[in-house]
Amino acid sequence: MTSPPATRRCRRRLSIAAIVAAVLLAVSGCTGSSLGDSTSGGDEIRIGLIVPKSGPYKAIGDDQAAGWRLALDKLGGRLGGRPVKVIEADEGDGKATALAAARKLIEQDKVLALVGGTTADTVQTLYPLLNEAKVPLIGIGGRPSTVDDPTYLWSTSWLSQETGASIAGYLRDKVGQGRVWVIGPDYIGGHDQIAGFVDAFREAGGQLANPDGKPTWTPWAPAPTTEFSPYLTQIKQAAPAAVYTFYAGASAIEFVKQYRQYGVDIPLYASGFLTEGAPLAALGEKAKGIYTALNYSTTLDNAANRDFVRRYTSANDGKLPNTYHVCAWDAALVLDRAIAEATARPDAAPAPTAPAGEGSPTASAEATPSTAPDAAAGGLTSQSVTAALSRVGAIDSPRGSWQFGPKNHTPVQAYYLREVAQDGQVWVNRTVQTLTTLGS
């Protein structure tokens, strides 16, 4: 899909708007950027956006921030009719960096809600803080399997096991009695992503080609590996029927490059992040023929996606969006509806959800709960917004309509089989078929 010629004038207007927004952001510095007229339409509210501005997932963070800003532009710089001030912070490589950034946003900046969390590591680290401070996080990236009580955690993205689980049955049918070599990064997000595939693949009768019958793990800490040759040598020698993997960001680029360089002539299947966003742009033809599973493709034919792709390509010189843009875009739509609902019915109870689990971890230091009405928020509280999140209903998303599941607060959504193919002058993740619907 490419930007239609008729949008040239619109593109100039959007480009000018983008320049103005960038200037405002630069002027605002550490105090964030005001996106709207605070003198009308209600009191200004503050939202914290925490995404990677450094580290191995910086490109993903850039995409997430762009998707969020594009949605705010559509909403006129308001959420729930309120002018919004967005205060951005660096998630870095997660854990300590992310936790310090979140504390600052909650305790000093007094944000109404947080948006972000690219990796499962980050979400797991912030989870105890959210519970103590009683501030919701709208997660737009990896969602770990270790969350027992999701009261303050609502994800517009995915549960990390789902992408692998969605394609497992399909791949089992493709390889028949053949075996699949499975490889991924050794951290919680990688383990969840790979386990989702392995568990469902085995349940369908599939077997792994790895020597010990277990997935192969590549180093993640202190830095993700960029040298895959020993693993690729093992794969070539084993000659499996297919390879299944999960990598994202810079690791995805290096894995696919070396896969081609070492002449591994084995069908490659993956969680969609392998060819999503920056990796696909960097790899181009090297990614041709890779099959992946994910919750979005630019080639999906629905009205919301056509509008979204048009807006994004018009504002970005014809470049195509990806799932990171979509999940951040949807986070703004969710908060817009939740804040409007909390304003209209501040004392309404949350919709019923699954009971909280036991053994939830606790943070190492106390946070300051955001339970009292904030004068700047016009009586809204983080808790009233949290309660309203359970009542937002279906979201008309570019990926297709979805809504939060009652158990994990993750989208109940379709997953698609995609193939990297050329569309005109660009490489895309072409939609092949709908695999399944997952979410809880």
# chains A, B, ... in the order shown; residues from 1 in each chain; ligands from 1
call {"tool": "residues_around", "arguments": {"residues": "Asp93 of chain A", "least_positions_apart": "2", "cutoff": "8 Å", "atoms": "only C-alpha atoms", "output": "list in words"}}
result
Pro52, Ser54, Gly55, Pro56, Tyr57, Glu91, Lys95, Thr97 and Ala98 of chain A
call {"tool": "write_last_selection", "arguments": {"atoms": "N, CA and C atoms", "output": "compact mmCIF listing (two decimals), in the first residue's frame"}}
result
# COMPACT_ATOMS: atom_id res chain seq x y z
N PRO A 52 11.31 3.13 24.94
CA PRO A 52 12.77 3.17 24.78
C PRO A 52 13.22 4.33 23.90
N SER A 54 16.60 4.80 24.10
CA SER A 54 17.97 4.30 23.99
C SER A 54 17.91 2.79 24.13
N GLY A 55 19.02 2.12 23.83
CA GLY A 55 19.07 0.68 23.99
C GLY A 55 18.64 -0.09 22.75
N PRO A 56 18.57 -1.43 22.86
CA PRO A 56 18.32 -2.27 21.67
C PRO A 56 16.94 -2.11 21.04
N TYR A 57 15.98 -1.55 21.78
CA TYR A 57 14.63 -1.41 21.25
C TYR A 57 14.25 0.05 20.98
N GLU A 91 12.47 4.44 28.63
CA GLU A 91 12.41 3.09 29.19
C GLU A 91 13.78 2.42 29.18
N LYS A 95 13.88 -2.55 33.35
CA LYS A 95 14.29 -2.74 34.74
C LYS A 95 14.64 -1.42 35.41
N THR A 97 16.26 1.37 34.72
CA THR A 97 16.00 2.61 33.98
C THR A 97 14.51 2.89 33.89
N ALA A 98 13.74 1.88 33.57
CA ALA A 98 12.30 2.05 33.43
C ALA A 98 11.65 2.36 34.78
call {"tool": "closest_atom_pairs", "arguments": {"of": "segment 306-352 of chain A", "to": "segment 64-75 of chain A", "cutoff": "6 Å", "atoms": "only C-alpha atoms", "output": "JSON lines"}}
result
{"residue": "A:Tyr324", "atom": "CA", "partner": "A:Gln64", "partner_atom": "CA", "distance": 5.2}
{"residue": "A:His325", "atom": "CA", "partner": "A:Gly67", "partner_atom": "CA", "distance": 4.0}
{"residue": "A:Ala328", "atom": "CA", "partner": "A:Trp68", "partner_atom": "CA", "distance": 4.8}
{"residue": "A:Trp329", "atom": "CA", "partner": "A:Trp68", "partner_atom": "CA", "distance": 4.9}
call {"tool": "closest_residue", "arguments": {"among": "A:Ala89, A:Thr313, A:Ala59, A:Ala96", "to": "Ser251 of chain A", "atoms": "only C-alpha atoms"}}
result
A:Ala59
call {"tool": "closest_residue", "arguments": {"among": "A:Val334, A:Val264, A:Leu153, A:Val326", "to": "Asn131 of chain A", "atoms": "only C-alpha atoms"}}
result
A:Leu153
call {"tool": "select_by_dssp", "arguments": {"residues": "segment 49-119 of chain A", "states": "strand (DSSP E or B)", "output": "MDAnalysis selection string"}}
result
chainID A and resid 49:51 78:79 82:90 113:116
call {"tool": "write_last_selection", "arguments": {"atoms": "C-alpha atoms", "output": "short mmCIF file (atom, residue, chain, number, x, y, z; two decimals), in the first residue's frame"}}
result
data_model
loop_
_atom_site.label_atom_id
_atom_site.label_comp_id
_atom_site.auth_asym_id
_atom_site.auth_seq_id
_atom_site.Cartn_x
_atom_site.Cartn_y
_atom_site.Cartn_z
CA LEU A 49 4.67 8.08 27.97
CA ILE A 50 7.51 5.68 28.77
CA VAL A 51 9.18 4.05 25.74
CA ARG A 78 -7.39 15.88 23.86
CA LEU A 79 -8.33 12.74 25.74
CA ARG A 82 -9.58 17.26 28.12
CA PRO A 83 -6.42 19.01 26.95
CA VAL A 84 -3.53 16.68 27.67
CA LYS A 85 0.09 17.26 28.61
CA VAL A 86 2.29 14.32 27.66
CA ILE A 87 5.47 13.84 29.66
CA GLU A 88 7.88 11.46 27.95
CA ALA A 89 10.52 9.30 29.66
CA ASP A 90 13.13 6.76 28.57
CA ALA A 113 -1.89 7.26 33.85
CA LEU A 114 1.16 5.72 32.20
CA VAL A 115 1.40 4.52 28.60
CA GLY A 116 4.27 2.34 27.37
#
call {"tool": "residues_around", "arguments": {"residues": "segment 219-225 of chain A", "least_positions_apart": "6", "cutoff": "12 Å", "atoms": "only C-alpha atoms", "output": "list in words"}}
result
Gly55, Pro56, Tyr57, Asp93, Gly94, Asp121, Ile183, Gly184, Pro185, Asp186, Tyr187, Ile188, Gly189, Gly190, His191, Tyr231, Tyr247, Ala248, Gly249, Ala250, Ser251, Ala252, Ile253, Glu254 and Phe255 of chain A
call {"tool": "write_last_selection", "arguments": {"atoms": "C-alpha atoms", "output": "PDB file, in the first residue's frame"}}
result
ATOM      1  CA  GLY A  55      19.072   0.676  23.991  1.00  0.00           C
ATOM      2  CA  PRO A  56      18.321  -2.267  21.674  1.00  0.00           C
ATOM      3  CA  TYR A  57      14.629  -1.406  21.249  1.00  0.00           C
ATOM      4  CA  ASP A  93      16.721  -1.422  28.416  1.00  0.00           C
ATOM      5  CA  GLY A  94      14.013  -1.885  31.040  1.00  0.00           C
ATOM      6  CA  ASP A 121      10.978  -7.096  31.453  1.00  0.00           C
ATOM      7  CA  ILE A 183      15.582 -20.650  18.956  1.00  0.00           C
ATOM      8  CA  GLY A 184      15.127 -17.376  20.877  1.00  0.00           C
ATOM      9  CA  PRO A 185      16.641 -14.865  23.351  1.00  0.00           C
ATOM     10  CA  ASP A 186      17.188 -15.798  26.992  1.00  0.00           C
ATOM     11  CA  TYR A 187      14.982 -13.329  28.887  1.00  0.00           C
ATOM     12  CA  ILE A 188      11.404 -13.389  30.144  1.00  0.00           C
ATOM     13  CA  GLY A 189       9.898 -11.994  26.945  1.00  0.00           C
ATOM     14  CA  GLY A 190      11.812 -14.505  24.855  1.00  0.00           C
ATOM     15  CA  HIS A 191      10.843 -17.388  27.131  1.00  0.00           C
ATOM     16  CA  TYR A 231      23.628 -21.661  16.242  1.00  0.00           C
ATOM     17  CA  TYR A 247      13.663 -11.874  17.841  1.00  0.00           C
ATOM     18  CA  ALA A 248      12.878  -8.176  17.576  1.00  0.00           C
ATOM     19  CA  GLY A 249      14.711  -4.927  16.903  1.00  0.00           C
ATOM     20  CA  ALA A 250      18.443  -5.095  16.161  1.00  0.00           C
ATOM     21  CA  SER A 251      18.623  -8.797  17.068  1.00  0.00           C
ATOM     22  CA  ALA A 252      16.008  -9.603  14.421  1.00  0.00           C
ATOM     23  CA  ILE A 253      18.013  -7.823  11.735  1.00  0.00           C
ATOM     24  CA  GLU A 254      21.233  -9.662  12.591  1.00  0.00           C
ATOM     25  CA  PHE A 255      19.551 -13.059  12.852  1.00  0.00           C
TER      26      PHE A 255
END
call {"tool": "residues_around", "arguments": {"residues": "Leu335 of chain A", "least_positions_apart": "6", "cutoff": "10 Å", "atoms": "only C-alpha atoms", "output": "PyMOL selection string"}}
result
chain A and resi 47+79-80+113+115+138+341+385-386+388-389+392
call {"tool": "closest_residue", "arguments": {"among": "A:Tyr296, A:Ile339, A:Val256, A:Gly164", "to": "Gln383 of chain A", "atoms": "only C-alpha atoms"}}
result
A:Ile339
call {"tool": "atom_distance", "arguments": {"atom1": "atom CA of Thr343 of chain A", "atom2": "atom CA of Ser384 of chain A"}}
result
8.5 Å
call {"tool": "closest_residue", "arguments": {"among": "A:Leu129, A:Cys327, A:Ala278, A:Leu283", "to": "Thr410 of chain A", "atoms": "only C-alpha atoms"}}
result
A:Cys327
call {"tool": "closest_residue", "arguments": {"among": "A:Ile60, A:Asp330, A:Tyr269, A:Gly424", "to": "Phe404 of chain A", "atoms": "only C-alpha atoms"}}
result
A:Asp330
call {"tool": "select_by_dssp", "arguments": {"residues": "segment 18-223 of chain A", "states": "helix (DSSP H, G or I)", "output": "compact mmCIF listing (two decimals) with N, CA, C and O atoms, in the first residue's frame"}}
result
# COMPACT_ATOMS: atom_id res chain seq x y z
N ALA A 18 3.71 18.45 12.06
CA ALA A 18 4.72 17.65 12.75
C ALA A 18 5.90 18.50 13.17
O ALA A 18 6.47 18.31 14.25
N ILE A 19 6.32 19.46 12.31
CA ILE A 19 7.43 20.34 12.66
C ILE A 19 7.07 21.20 13.86
O ILE A 19 7.86 21.38 14.79
N VAL A 20 5.85 21.75 13.84
CA VAL A 20 5.41 22.58 14.97
C VAL A 20 5.42 21.78 16.26
O VAL A 20 5.87 22.24 17.30
N ALA A 21 4.89 20.52 16.19
CA ALA A 21 4.86 19.67 17.37
C ALA A 21 6.25 19.39 17.89
O ALA A 21 6.50 19.37 19.09
N ALA A 22 7.22 19.19 16.96
CA ALA A 22 8.59 18.91 17.37
C ALA A 22 9.21 20.11 18.06
O ALA A 22 9.94 19.98 19.05
N VAL A 23 8.92 21.32 17.53
CA VAL A 23 9.43 22.54 18.16
C VAL A 23 8.88 22.69 19.58
O VAL A 23 9.59 23.00 20.52
N LEU A 24 7.56 22.46 19.73
CA LEU A 24 6.94 22.56 21.05
C LEU A 24 7.56 21.58 22.02
O LEU A 24 7.80 21.89 23.19
N LEU A 25 7.84 20.35 21.53
CA LEU A 25 8.43 19.34 22.39
C LEU A 25 9.82 19.76 22.83
O LEU A 25 10.20 19.60 23.98
N ALA A 26 10.61 20.32 21.89
CA ALA A 26 11.96 20.74 22.23
C ALA A 26 11.95 21.87 23.25
O ALA A 26 12.77 21.92 24.18
N VAL A 27 11.00 22.81 23.10
CA VAL A 27 10.91 23.93 24.03
C VAL A 27 10.49 23.46 25.41
O VAL A 27 10.99 23.93 26.43
N SER A 28 9.60 22.48 25.47
CA SER A 28 9.06 22.04 26.76
C SER A 28 10.09 21.31 27.58
O SER A 28 10.00 21.28 28.81
N GLY A 29 11.08 20.63 26.91
CA GLY A 29 12.14 19.94 27.63
C GLY A 29 11.62 18.91 28.58
O GLY A 29 10.75 18.12 28.26
N CYS A 30 12.15 18.90 29.81
CA CYS A 30 11.82 17.85 30.77
C CYS A 30 10.39 17.92 31.26
O CYS A 30 9.88 16.97 31.84
N THR A 31 9.73 19.03 31.09
CA THR A 31 8.38 19.16 31.63
C THR A 31 7.32 18.64 30.69
O THR A 31 6.15 18.69 31.00
N LYS A 58 15.27 0.91 20.77
CA LYS A 58 14.99 2.32 20.52
C LYS A 58 14.11 2.52 19.29
O LYS A 58 13.19 3.36 19.30
N ALA A 59 14.36 1.77 18.21
CA ALA A 59 13.55 1.93 16.99
C ALA A 59 12.09 1.62 17.26
O ALA A 59 11.19 2.29 16.74
N ILE A 60 11.84 0.61 18.10
CA ILE A 60 10.46 0.29 18.47
C ILE A 60 9.85 1.42 19.27
O ILE A 60 8.69 1.81 19.06
N GLY A 61 10.62 1.96 20.22
CA GLY A 61 10.14 3.09 21.01
C GLY A 61 9.79 4.29 20.15
O GLY A 61 8.79 4.98 20.39
N ASP A 62 10.61 4.55 19.13
CA ASP A 62 10.32 5.66 18.22
C ASP A 62 8.98 5.43 17.50
O ASP A 62 8.19 6.36 17.33
N ASP A 63 8.76 4.18 17.07
CA ASP A 63 7.49 3.87 16.39
C ASP A 63 6.30 4.02 17.34
O ASP A 63 5.25 4.54 16.95
N GLN A 64 6.46 3.56 18.57
CA GLN A 64 5.37 3.67 19.53
C GLN A 64 5.03 5.13 19.80
O GLN A 64 3.85 5.51 19.84
N ALA A 65 6.05 5.96 19.99
CA ALA A 65 5.81 7.38 20.24
C ALA A 65 5.12 8.03 19.05
O ALA A 65 4.22 8.86 19.21
N ALA A 66 5.51 7.63 17.84
CA ALA A 66 4.90 8.19 16.64
C ALA A 66 3.43 7.80 16.52
O ALA A 66 2.58 8.61 16.14
N GLY A 67 3.11 6.54 16.85
CA GLY A 67 1.72 6.10 16.81
C GLY A 67 0.86 6.84 17.82
O GLY A 67 -0.29 7.22 17.53
N TRP A 68 1.40 7.04 19.01
CA TRP A 68 0.70 7.77 20.06
C TRP A 68 0.41 9.20 19.63
O TRP A 68 -0.71 9.71 19.77
N ARG A 69 1.42 9.88 19.08
CA ARG A 69 1.26 11.27 18.66
C ARG A 69 0.26 11.40 17.51
O ARG A 69 -0.50 12.36 17.45
N LEU A 70 0.29 10.41 16.60
CA LEU A 70 -0.65 10.44 15.48
C LEU A 70 -2.09 10.35 15.97
O LEU A 70 -2.98 11.04 15.47
N ALA A 71 -2.31 9.51 16.98
CA ALA A 71 -3.66 9.38 17.54
C ALA A 71 -4.08 10.67 18.23
O ALA A 71 -5.23 11.11 18.10
N LEU A 72 -3.16 11.27 18.99
CA LEU A 72 -3.51 12.54 19.65
C LEU A 72 -3.82 13.62 18.63
O LEU A 72 -4.69 14.47 18.87
N ASP A 73 -3.12 13.59 17.51
CA ASP A 73 -3.42 14.55 16.45
C ASP A 73 -4.85 14.35 15.95
O ASP A 73 -5.60 15.31 15.75
N LYS A 74 -5.24 13.09 15.74
CA LYS A 74 -6.60 12.79 15.31
C LYS A 74 -7.62 13.27 16.34
O LYS A 74 -8.70 13.76 15.99
N ALA A 96 15.89 -1.21 35.85
CA ALA A 96 16.24 -0.06 36.68
C ALA A 96 15.92 1.26 35.99
O ALA A 96 15.36 2.18 36.61
N THR A 97 16.26 1.37 34.72
CA THR A 97 16.00 2.61 33.98
C THR A 97 14.51 2.89 33.89
O THR A 97 14.04 4.01 34.14
N ALA A 98 13.74 1.88 33.57
CA ALA A 98 12.30 2.05 33.43
C ALA A 98 11.65 2.36 34.78
O ALA A 98 10.74 3.20 34.86
N LEU A 99 12.10 1.69 35.83
CA LEU A 99 11.51 1.90 37.15
C LEU A 99 11.75 3.33 37.64
O LEU A 99 10.85 3.98 38.17
N ALA A 100 12.98 3.84 37.46
CA ALA A 100 13.28 5.21 37.86
C ALA A 100 12.44 6.21 37.08
O ALA A 100 11.93 7.19 37.64
N ALA A 101 12.28 5.97 35.79
CA ALA A 101 11.48 6.87 34.96
C ALA A 101 10.02 6.86 35.40
O ALA A 101 9.37 7.91 35.50
N ALA A 102 9.48 5.68 35.68
CA ALA A 102 8.08 5.58 36.10
C ALA A 102 7.85 6.25 37.44
O ALA A 102 6.83 6.91 37.66
N ARG A 103 8.78 6.07 38.37
CA ARG A 103 8.64 6.72 39.69
C ARG A 103 8.60 8.23 39.54
O ARG A 103 7.80 8.91 40.21
N LYS A 104 9.45 8.74 38.70
CA LYS A 104 9.48 10.18 38.50
C LYS A 104 8.16 10.69 37.92
O LYS A 104 7.60 11.70 38.35
N LEU A 105 7.63 9.95 36.94
CA LEU A 105 6.36 10.34 36.32
C LEU A 105 5.22 10.31 37.33
O LEU A 105 4.35 11.20 37.33
N ILE A 106 5.21 9.29 38.19
CA ILE A 106 4.11 9.14 39.15
C ILE A 106 4.26 10.09 40.32
O ILE A 106 3.31 10.80 40.70
N GLU A 107 5.45 10.15 40.92
CA GLU A 107 5.62 10.88 42.18
C GLU A 107 5.88 12.37 41.99
O GLU A 107 5.42 13.18 42.79
N GLN A 108 6.62 12.74 40.95
CA GLN A 108 6.92 14.15 40.75
C GLN A 108 5.97 14.81 39.76
O GLN A 108 5.47 15.91 40.01
N ALA A 120 8.60 -7.17 28.05
CA ALA A 120 8.01 -7.87 29.19
C ALA A 120 8.81 -7.60 30.45
O ALA A 120 8.25 -7.55 31.56
N ASP A 121 10.13 -7.44 30.31
CA ASP A 121 10.98 -7.10 31.45
C ASP A 121 10.50 -5.81 32.12
O ASP A 121 10.41 -5.72 33.35
N THR A 122 10.22 -4.81 31.31
CA THR A 122 9.77 -3.52 31.85
C THR A 122 8.44 -3.66 32.57
O THR A 122 8.26 -3.15 33.69
N VAL A 123 7.50 -4.33 31.95
CA VAL A 123 6.17 -4.48 32.55
C VAL A 123 6.27 -5.25 33.87
O VAL A 123 5.64 -4.87 34.87
N GLN A 124 7.06 -6.31 33.90
CA GLN A 124 7.23 -7.06 35.14
C GLN A 124 7.85 -6.21 36.22
O GLN A 124 7.48 -6.30 37.40
N THR A 125 8.80 -5.33 35.85
CA THR A 125 9.46 -4.46 36.82
C THR A 125 8.52 -3.39 37.35
O THR A 125 8.54 -3.06 38.54
N LEU A 126 7.67 -2.83 36.49
CA LEU A 126 6.77 -1.75 36.90
C LEU A 126 5.53 -2.25 37.62
O LEU A 126 4.90 -1.48 38.36
N TYR A 127 5.21 -3.49 37.45
CA TYR A 127 3.97 -4.05 37.97
C TYR A 127 3.75 -3.80 39.47
O TYR A 127 2.68 -3.32 39.89
N PRO A 128 4.74 -4.07 40.34
CA PRO A 128 4.52 -3.79 41.76
C PRO A 128 4.31 -2.31 42.05
O PRO A 128 3.50 -1.94 42.91
N LEU A 129 5.01 -1.43 41.31
CA LEU A 129 4.86 0.01 41.50
C LEU A 129 3.45 0.46 41.14
O LEU A 129 2.84 1.30 41.83
N LEU A 130 2.89 -0.09 40.08
CA LEU A 130 1.54 0.27 39.68
C LEU A 130 0.54 -0.07 40.78
O LEU A 130 -0.36 0.74 41.08
N ASN A 131 0.70 -1.24 41.37
CA ASN A 131 -0.22 -1.66 42.43
C ASN A 131 -0.10 -0.78 43.66
O ASN A 131 -1.10 -0.47 44.32
N GLU A 132 1.11 -0.38 44.02
CA GLU A 132 1.29 0.46 45.20
C GLU A 132 0.78 1.87 44.98
O GLU A 132 0.14 2.47 45.84
N ALA A 133 1.11 2.43 43.81
CA ALA A 133 0.71 3.81 43.51
C ALA A 133 -0.73 3.91 43.05
O ALA A 133 -1.30 4.99 43.03
N GLU A 162 1.00 -15.51 23.05
CA GLU A 162 -0.04 -15.69 22.04
C GLU A 162 0.47 -15.76 20.61
O GLU A 162 -0.08 -16.50 19.79
N THR A 163 1.51 -14.98 20.28
CA THR A 163 1.94 -14.97 18.89
C THR A 163 2.43 -16.35 18.46
O THR A 163 2.09 -16.85 17.38
N GLY A 164 3.24 -16.99 19.32
CA GLY A 164 3.71 -18.33 19.00
C GLY A 164 2.59 -19.35 18.99
O GLY A 164 2.53 -20.22 18.10
N ALA A 165 1.70 -19.25 19.96
CA ALA A 165 0.58 -20.19 20.04
C ALA A 165 -0.31 -20.10 18.82
O ALA A 165 -0.87 -21.10 18.36
N SER A 166 -0.45 -18.90 18.26
CA SER A 166 -1.37 -18.70 17.14
C SER A 166 -0.92 -19.43 15.87
O SER A 166 -1.76 -19.82 15.05
N ILE A 167 0.37 -19.62 15.69
CA ILE A 167 0.87 -20.22 14.45
C ILE A 167 1.27 -21.68 14.63
O ILE A 167 1.56 -22.38 13.65
N ALA A 168 1.26 -22.18 15.85
CA ALA A 168 1.77 -23.53 16.13
C ALA A 168 1.00 -24.61 15.37
O ALA A 168 1.60 -25.51 14.77
N GLY A 169 -0.32 -24.55 15.40
CA GLY A 169 -1.12 -25.56 14.72
C GLY A 169 -0.92 -25.52 13.21
O GLY A 169 -0.84 -26.57 12.56
N TYR A 170 -0.82 -24.33 12.66
CA TYR A 170 -0.58 -24.18 11.22
C TYR A 170 0.75 -24.81 10.84
O TYR A 170 0.84 -25.57 9.86
N LEU A 171 1.80 -24.53 11.61
CA LEU A 171 3.12 -25.06 11.28
C LEU A 171 3.18 -26.57 11.47
O LEU A 171 3.84 -27.28 10.70
N ARG A 172 2.47 -27.06 12.47
CA ARG A 172 2.41 -28.52 12.67
C ARG A 172 1.82 -29.19 11.42
O ARG A 172 2.33 -30.23 10.95
N ASP A 173 0.77 -28.62 10.85
CA ASP A 173 0.18 -29.17 9.64
C ASP A 173 1.14 -29.08 8.45
O ASP A 173 1.18 -29.98 7.61
N LYS A 174 1.93 -27.99 8.38
CA LYS A 174 2.84 -27.79 7.26
C LYS A 174 3.98 -28.80 7.26
O LYS A 174 4.36 -29.31 6.21
N VAL A 175 4.54 -29.10 8.44
CA VAL A 175 5.72 -29.97 8.49
C VAL A 175 5.34 -31.44 8.59
O VAL A 175 6.20 -32.32 8.42
N ILE A 188 12.78 -12.99 29.89
CA ILE A 188 11.40 -13.39 30.14
C ILE A 188 10.52 -13.25 28.91
O ILE A 188 9.69 -14.11 28.63
N GLY A 189 10.70 -12.16 28.14
CA GLY A 189 9.90 -11.99 26.94
C GLY A 189 10.18 -13.09 25.93
O GLY A 189 9.26 -13.62 25.29
N GLY A 190 11.45 -13.44 25.77
CA GLY A 190 11.81 -14.50 24.86
C GLY A 190 11.27 -15.85 25.30
O GLY A 190 10.76 -16.63 24.49
N HIS A 191 11.35 -16.12 26.61
CA HIS A 191 10.84 -17.39 27.13
C HIS A 191 9.33 -17.50 26.95
O HIS A 191 8.82 -18.56 26.58
N ASP A 192 8.61 -16.41 27.19
CA ASP A 192 7.16 -16.43 27.00
C ASP A 192 6.80 -16.63 25.53
O ASP A 192 5.92 -17.42 25.18
N GLN A 193 7.47 -15.88 24.65
CA GLN A 193 7.19 -15.98 23.22
C GLN A 193 7.44 -17.40 22.71
O GLN A 193 6.62 -17.98 22.00
N ILE A 194 8.59 -17.96 23.07
CA ILE A 194 8.95 -19.30 22.59
C ILE A 194 8.07 -20.37 23.24
O ILE A 194 7.62 -21.31 22.57
N ALA A 195 7.80 -20.23 24.54
CA ALA A 195 6.97 -21.22 25.22
C ALA A 195 5.57 -21.27 24.64
O ALA A 195 4.96 -22.35 24.55
N GLY A 196 5.04 -20.12 24.21
CA GLY A 196 3.72 -20.10 23.59
C GLY A 196 3.68 -21.00 22.37
O GLY A 196 2.70 -21.73 22.16
N PHE A 197 4.74 -20.95 21.56
CA PHE A 197 4.80 -21.80 20.38
C PHE A 197 5.03 -23.26 20.76
O PHE A 197 4.31 -24.15 20.30
N VAL A 198 6.04 -23.51 21.59
CA VAL A 198 6.44 -24.88 21.89
C VAL A 198 5.30 -25.66 22.55
O VAL A 198 5.00 -26.81 22.18
N ASP A 199 4.64 -25.05 23.52
CA ASP A 199 3.55 -25.75 24.22
C ASP A 199 2.42 -26.13 23.26
O ASP A 199 1.91 -27.25 23.28
N ALA A 200 2.01 -25.17 22.42
CA ALA A 200 0.92 -25.44 21.48
C ALA A 200 1.36 -26.41 20.39
O ALA A 200 0.57 -27.25 19.94
N PHE A 201 2.61 -26.32 19.95
CA PHE A 201 3.13 -27.21 18.91
C PHE A 201 3.18 -28.65 19.41
O PHE A 201 2.77 -29.58 18.71
N ARG A 202 3.65 -28.83 20.62
CA ARG A 202 3.69 -30.18 21.20
C ARG A 202 2.29 -30.73 21.43
O ARG A 202 2.03 -31.92 21.21
N GLU A 203 1.40 -29.86 21.88
CA GLU A 203 0.03 -30.29 22.11
C GLU A 203 -0.62 -30.78 20.82
O GLU A 203 -1.47 -31.67 20.83
call {"tool": "residues_around", "arguments": {"residues": "Asp212 of chain A", "least_positions_apart": "5", "cutoff": "12 Å", "atoms": "only C-alpha atoms", "output": "number ranges by chain"}}
result
A: 181-182, 207
call {"tool": "write_last_selection", "arguments": {"atoms": "N, CA and C atoms", "output": "compact mmCIF listing (two decimals), in the first residue's frame"}}
result
# COMPACT_ATOMS: atom_id res chain seq x y z
N TRP A 181 13.17 -26.74 14.49
CA TRP A 181 14.21 -26.20 15.38
C TRP A 181 13.70 -24.87 15.93
N VAL A 182 13.78 -24.69 17.24
CA VAL A 182 13.26 -23.50 17.90
C VAL A 182 14.40 -22.77 18.60
N GLN A 207 7.13 -32.14 17.20
CA GLN A 207 8.36 -32.43 17.92
C GLN A 207 9.45 -31.45 17.52
call {"tool": "atom_distance", "arguments": {"atom1": "atom CA of Val432 of chain A", "atom2": "atom CA of Glu419 of chain A"}}
result
6.7 Å
call {"tool": "atom_distance", "arguments": {"atom1": "atom CA of Arg46 of chain A", "atom2": "atom CA of Ala332 of chain A"}}
result
12.9 Å
call {"tool": "residues_around", "arguments": {"residues": "Pro230 of chain A", "least_positions_apart": "5", "cutoff": "12 Å", "atoms": "only C-alpha atoms", "output": "compact mmCIF listing (two decimals) with N, CA and C atoms, in the first residue's frame"}}
result
# COMPACT_ATOMS: atom_id res chain seq x y z
N THR A 216 16.62 -23.69 21.92
CA THR A 216 17.97 -23.14 22.05
C THR A 216 17.85 -21.67 22.44
N TRP A 217 18.61 -21.29 23.48
CA TRP A 217 18.56 -19.92 23.97
C TRP A 217 19.86 -19.18 23.64
N THR A 218 19.73 -17.94 23.18
CA THR A 218 20.90 -17.12 22.90
C THR A 218 21.02 -16.04 23.97
N THR A 225 23.02 -11.01 22.06
CA THR A 225 24.03 -11.51 21.13
C THR A 225 23.78 -11.00 19.72
N ILE A 235 21.93 -25.63 13.19
CA ILE A 235 20.66 -25.76 12.47
C ILE A 235 20.89 -26.43 11.11
N LYS A 236 21.92 -25.98 10.38
CA LYS A 236 22.21 -26.57 9.08
C LYS A 236 22.51 -28.06 9.19
N GLN A 237 23.27 -28.40 10.21
CA GLN A 237 23.65 -29.81 10.40
C GLN A 237 22.44 -30.66 10.75
N PHE A 255 19.88 -11.65 13.01
CA PHE A 255 19.55 -13.06 12.85
C PHE A 255 19.21 -13.38 11.40
N GLN A 258 22.31 -13.05 8.98
CA GLN A 258 23.23 -14.17 9.08
C GLN A 258 22.59 -15.48 8.61
N TYR A 259 21.30 -15.61 8.80
CA TYR A 259 20.56 -16.77 8.29
C TYR A 259 20.76 -16.89 6.78
N TYR A 262 24.77 -17.39 5.83
CA TYR A 262 25.27 -18.74 6.06
C TYR A 262 24.55 -19.78 5.21
call {"tool": "residues_around", "arguments": {"residues": "Thr299 of chain A", "least_positions_apart": "4", "cutoff": "12 Å", "atoms": "only C-alpha atoms", "output": "PyMOL selection string"}}
result
chain A and resi 1-2+295+303-306+308-309+320-323+398-400+416-423+427-433
